[in-house]
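Engineer: Please read through the structure below; I'll follow up with questions.
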Amino acid sequence: MVTINVSAPILRDQIRERLEKETSMKYTYLGMIGAIEMQFNVDTEMDGNQVVRLTKRMIRSIPYGDIIMYRVLVDGQFFENGPVYKEGDPEYKATRPGFFCK
């Protein structure tokens, strides 16, 4: 099981529908964790970086998905292929939306 965060200022409903329809991996929508950031659990045996790459490919397959701005990261990452911080690590809080606005 991998938890991912998908940030997209537009087309969030279309992205959510596309991910939830996927049959190769089961995406479970967990909710919004920020103004533009959705969180999903992905039931798969793949590692987080593979899930991120496949999720991006799925987003690009929706209409306008190849031209919108979005970001997909494993929960706890600052950037793709970077370290994944776990809840309880001081760095984990900094990966949460709005952390720097407080």
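Ligands are numbered from 1 in the order shown, chains are lettered A, B, ... in the order of the structure tokens, and residues start at 1 in each chain.
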Neighbouring residues of stretch 60-70 of chain A were defined as those with any atom within 9 Å, considering only C-alpha atoms; residues of the same chain fewer than 3 positions away were excluded. Please report them as a ChimeraX atom specification.
Structural biologist: /A:6-11,14-15,18,55-57
Engineer: What's around stretch 44-47 of chain A at 10 Å? Count only C-alpha atoms, leave out sequence neighbours fewer than 3 positions away in its own chain, and write the answer as a list in words.
Structural biologist: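 The neighbour list is Met1, Val2, Ser24, Met25, Lys26, Tyr27, Asn41, Gln50, Val51, Val52 and Val74 of chain A.
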Engineer: Please identify the helix (DSSP H, G or I) residues within chain A (assignment by DSSP from backbone atoms) and present them as a PDB file with N, CA, C and O atoms, in the first residue's frame.
Structural biologist:
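This went into result03.pdb:
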```pdb
ATOM      1  N   ARG A  12      -9.513  18.512 -11.010  1.00  0.00           N
ATOM      2  CA  ARG A  12      -9.405  17.555  -9.909  1.00  0.00           C
ATOM      3  C   ARG A  12     -10.459  16.449 -10.001  1.00  0.00           C
ATOM      4  O   ARG A  12     -10.162  15.287  -9.742  1.00  0.00           O
ATOM      5  N   ASP A  13     -11.690  16.811 -10.376  1.00  0.00           N
ATOM      6  CA  ASP A  13     -12.741  15.793 -10.477  1.00  0.00           C
ATOM      7  C   ASP A  13     -12.419  14.770 -11.558  1.00  0.00           C
ATOM      8  O   ASP A  13     -12.610  13.571 -11.367  1.00  0.00           O
ATOM      9  N   GLN A  14     -11.906  15.236 -12.710  1.00  0.00           N
ATOM     10  CA  GLN A  14     -11.554  14.322 -13.794  1.00  0.00           C
ATOM     11  C   GLN A  14     -10.377  13.425 -13.400  1.00  0.00           C
ATOM     12  O   GLN A  14     -10.351  12.241 -13.726  1.00  0.00           O
ATOM     13  N   ILE A  15      -9.413  13.985 -12.697  1.00  0.00           N
ATOM     14  CA  ILE A  15      -8.264  13.192 -12.244  1.00  0.00           C
ATOM     15  C   ILE A  15      -8.738  12.134 -11.259  1.00  0.00           C
ATOM     16  O   ILE A  15      -8.369  10.955 -11.373  1.00  0.00           O
ATOM     17  N   ARG A  16      -9.571  12.526 -10.327  1.00  0.00           N
ATOM     18  CA  ARG A  16     -10.076  11.568  -9.332  1.00  0.00           C
ATOM     19  C   ARG A  16     -10.847  10.440 -10.010  1.00  0.00           C
ATOM     20  O   ARG A  16     -10.653   9.262  -9.690  1.00  0.00           O
ATOM     21  N   GLU A  17     -11.734  10.780 -10.945  1.00  0.00           N
ATOM     22  CA  GLU A  17     -12.504   9.759 -11.657  1.00  0.00           C
ATOM     23  C   GLU A  17     -11.588   8.794 -12.404  1.00  0.00           C
ATOM     24  O   GLU A  17     -11.789   7.577 -12.365  1.00  0.00           O
ATOM     25  N   ARG A  18     -10.577   9.333 -13.077  1.00  0.00           N
ATOM     26  CA  ARG A  18      -9.661   8.491 -13.853  1.00  0.00           C
ATOM     27  C   ARG A  18      -8.901   7.524 -12.949  1.00  0.00           C
ATOM     28  O   ARG A  18      -8.769   6.343 -13.257  1.00  0.00           O
ATOM     29  N   LEU A  19      -8.419   8.018 -11.826  1.00  0.00           N
ATOM     30  CA  LEU A  19      -7.658   7.158 -10.924  1.00  0.00           C
ATOM     31  C   LEU A  19      -8.545   6.094 -10.281  1.00  0.00           C
ATOM     32  O   LEU A  19      -8.143   4.939 -10.160  1.00  0.00           O
ATOM     33  N   GLU A  20      -9.759   6.465  -9.902  1.00  0.00           N
ATOM     34  CA  GLU A  20     -10.642   5.499  -9.261  1.00  0.00           C
ATOM     35  C   GLU A  20     -11.142   4.427 -10.222  1.00  0.00           C
ATOM     36  O   GLU A  20     -11.543   3.356  -9.792  1.00  0.00           O
ATOM     37  N   LYS A  21     -11.109   4.691 -11.530  1.00  0.00           N
ATOM     38  CA  LYS A  21     -11.528   3.705 -12.528  1.00  0.00           C
ATOM     39  C   LYS A  21     -10.415   2.725 -12.887  1.00  0.00           C
ATOM     40  O   LYS A  21     -10.675   1.731 -13.561  1.00  0.00           O
ATOM     41  N   GLY A  48       6.887   3.230  -4.335  1.00  0.00           N
ATOM     42  CA  GLY A  48       6.274   4.540  -4.486  1.00  0.00           C
ATOM     43  C   GLY A  48       6.657   5.267  -5.756  1.00  0.00           C
ATOM     44  O   GLY A  48       5.816   5.920  -6.381  1.00  0.00           O
ATOM     45  N   ASN A  49       7.916   5.172  -6.173  1.00  0.00           N
ATOM     46  CA  ASN A  49       8.350   5.880  -7.376  1.00  0.00           C
ATOM     47  C   ASN A  49       7.671   5.333  -8.634  1.00  0.00           C
ATOM     48  O   ASN A  49       7.324   6.089  -9.531  1.00  0.00           O
ATOM     49  N   GLN A  50       7.443   4.020  -8.687  1.00  0.00           N
ATOM     50  CA  GLN A  50       6.727   3.440  -9.826  1.00  0.00           C
ATOM     51  C   GLN A  50       5.277   3.901  -9.830  1.00  0.00           C
ATOM     52  O   GLN A  50       4.730   4.222 -10.886  1.00  0.00           O
ATOM     53  N   VAL A  51       4.661   3.959  -8.668  1.00  0.00           N
ATOM     54  CA  VAL A  51       3.275   4.406  -8.567  1.00  0.00           C
ATOM     55  C   VAL A  51       3.157   5.853  -9.033  1.00  0.00           C
ATOM     56  O   VAL A  51       2.232   6.213  -9.761  1.00  0.00           O
ATOM     57  N   VAL A  52       4.098   6.696  -8.649  1.00  0.00           N
ATOM     58  CA  VAL A  52       4.092   8.101  -9.078  1.00  0.00           C
ATOM     59  C   VAL A  52       4.176   8.190 -10.600  1.00  0.00           C
ATOM     60  O   VAL A  52       3.414   8.916 -11.234  1.00  0.00           O
ATOM     61  N   ARG A  53       5.095   7.449 -11.214  1.00  0.00           N
ATOM     62  CA  ARG A  53       5.243   7.487 -12.673  1.00  0.00           C
ATOM     63  C   ARG A  53       3.976   7.020 -13.386  1.00  0.00           C
ATOM     64  O   ARG A  53       3.523   7.654 -14.344  1.00  0.00           O
ATOM     65  N   LEU A  54       3.376   5.926 -12.916  1.00  0.00           N
ATOM     66  CA  LEU A  54       2.158   5.414 -13.547  1.00  0.00           C
ATOM     67  C   LEU A  54       0.981   6.360 -13.342  1.00  0.00           C
ATOM     68  O   LEU A  54       0.154   6.539 -14.241  1.00  0.00           O
ATOM     69  N   THR A  55       0.897   6.976 -12.176  1.00  0.00           N
ATOM     70  CA  THR A  55      -0.177   7.929 -11.905  1.00  0.00           C
ATOM     71  C   THR A  55      -0.067   9.130 -12.834  1.00  0.00           C
ATOM     72  O   THR A  55      -1.069   9.600 -13.383  1.00  0.00           O
ATOM     73  N   LYS A  56       1.130   9.632 -13.039  1.00  0.00           N
ATOM     74  CA  LYS A  56       1.329  10.752 -13.968  1.00  0.00           C
ATOM     75  C   LYS A  56       0.909  10.376 -15.382  1.00  0.00           C
ATOM     76  O   LYS A  56       0.289  11.162 -16.084  1.00  0.00           O
ATOM     77  N   ARG A  57       1.229   9.150 -15.790  1.00  0.00           N
ATOM     78  CA  ARG A  57       0.834   8.682 -17.119  1.00  0.00           C
ATOM     79  C   ARG A  57      -0.694   8.657 -17.250  1.00  0.00           C
ATOM     80  O   ARG A  57      -1.253   9.029 -18.271  1.00  0.00           O
ATOM     81  N   MET A  58      -1.380   8.227 -16.187  1.00  0.00           N
ATOM     82  CA  MET A  58      -2.848   8.202 -16.207  1.00  0.00           C
ATOM     83  C   MET A  58      -3.429   9.608 -16.282  1.00  0.00           C
ATOM     84  O   MET A  58      -4.395   9.834 -17.006  1.00  0.00           O
ATOM     85  N   ILE A  59      -2.845  10.534 -15.553  1.00  0.00           N
ATOM     86  CA  ILE A  59      -3.330  11.922 -15.590  1.00  0.00           C
ATOM     87  C   ILE A  59      -3.129  12.504 -16.987  1.00  0.00           C
ATOM     88  O   ILE A  59      -4.000  13.202 -17.501  1.00  0.00           O
ATOM     89  N   ARG A  60      -2.000  12.194 -17.610  1.00  0.00           N
ATOM     90  CA  ARG A  60      -1.765  12.696 -18.969  1.00  0.00           C
ATOM     91  C   ARG A  60      -2.755  12.129 -19.976  1.00  0.00           C
ATOM     92  O   ARG A  60      -2.961  12.709 -21.030  1.00  0.00           O
ATOM     93  N   PRO A  90      10.575  15.162  11.925  1.00  0.00           N
ATOM     94  CA  PRO A  90      10.393  16.616  11.871  1.00  0.00           C
ATOM     95  C   PRO A  90      10.172  17.123  10.437  1.00  0.00           C
ATOM     96  O   PRO A  90       9.437  18.075  10.216  1.00  0.00           O
ATOM     97  N   GLU A  91      10.785  16.457   9.476  1.00  0.00           N
ATOM     98  CA  GLU A  91      10.660  16.876   8.077  1.00  0.00           C
ATOM     99  C   GLU A  91       9.271  16.599   7.523  1.00  0.00           C
ATOM    100  O   GLU A  91       8.814  17.271   6.601  1.00  0.00           O
ATOM    101  N   TYR A  92       8.574  15.602   8.075  1.00  0.00           N
ATOM    102  CA  TYR A  92       7.259  15.229   7.550  1.00  0.00           C
ATOM    103  C   TYR A  92       6.284  16.393   7.621  1.00  0.00           C
ATOM    104  O   TYR A  92       5.537  16.636   6.683  1.00  0.00           O
ATOM    105  N   LYS A  93       6.292  17.121   8.732  1.00  0.00           N
ATOM    106  CA  LYS A  93       5.376  18.253   8.879  1.00  0.00           C
ATOM    107  C   LYS A  93       5.579  19.283   7.776  1.00  0.00           C
ATOM    108  O   LYS A  93       4.632  19.911   7.325  1.00  0.00           O
ATOM    109  N   ALA A  94       6.794  19.455   7.330  1.00  0.00           N
ATOM    110  CA  ALA A  94       7.088  20.445   6.291  1.00  0.00           C
ATOM    111  C   ALA A  94       6.549  20.008   4.926  1.00  0.00           C
ATOM    112  O   ALA A  94       6.458  20.823   4.019  1.00  0.00           O
ATOM    113  N   PHE A  99       2.093  24.416   5.687  1.00  0.00           N
ATOM    114  CA  PHE A  99       3.043  24.424   6.796  1.00  0.00           C
ATOM    115  C   PHE A  99       3.800  25.739   6.875  1.00  0.00           C
ATOM    116  O   PHE A  99       3.982  26.295   7.954  1.00  0.00           O
ATOM    117  N   PHE A 100       4.240  26.257   5.732  1.00  0.00           N
ATOM    118  CA  PHE A 100       5.054  27.464   5.728  1.00  0.00           C
ATOM    119  C   PHE A 100       4.220  28.738   5.876  1.00  0.00           C
ATOM    120  O   PHE A 100       4.766  29.820   6.024  1.00  0.00           O
ATOM    121  N   CYS A 101       2.891  28.616   5.814  1.00  0.00           N
ATOM    122  CA  CYS A 101       2.019  29.790   5.941  1.00  0.00           C
ATOM    123  C   CYS A 101       1.704  30.117   7.395  1.00  0.00           C
ATOM    124  O   CYS A 101       1.088  31.121   7.678  1.00  0.00           O
TER     125      CYS A 101
END
```
Engineer: May I have all residues of chain A that DSSP, computed from the backbone, assigns to strand (DSSP E), given as JSON, numbers by chain?
Structural biologist: {"A": [2, 3, 4, 5, 6, 7, 26, 27, 28, 29, 30, 31, 32, 37, 38, 39, 40, 41, 42, 43, 71, 72, 73, 74]}
Engineer: I'd like the interatomic distance between atom CA of A:Ile33 and atom CA of A:Phe78, to a tenth of an Å.
Structural biologist: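 So the two atoms, atom CA of A:Ile33 and atom CA of A:Phe78, lie 15.2 Å apart.
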Engineer: How many Å lie between atom CA of A:Gln77 and atom CA of A:Met38, rounded to one decimal?
Structural biologist: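 Going from atom CA of A:Gln77 over to atom CA of A:Met38 covers 14.5 Å.
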Engineer: Quick check, in Å to one decimal: how far apart do atom CA of A:Gln39 and atom CA of A:Pro97 lie?
Structural biologist: 11.6 Å
Engineer: Can you work out which one of A:Thr95, A:Asn5, A:Asp89, A:Phe79 has the shortest atom-to-atom distance to A:Gly31, counting only C-alpha atoms?
Structural biologist: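 Closest to A:Gly31 of all the choices is A:Asn5.
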Engineer: Find the residue from A:Glu22, A:Glu80, A:Asp75, A:Glu87 that sits nearest to A:Glu37; use only C-alpha atoms when measuring.
Structural biologist: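 Residue with the minimum atom-to-atom distance to A:Glu37: A:Asp75.
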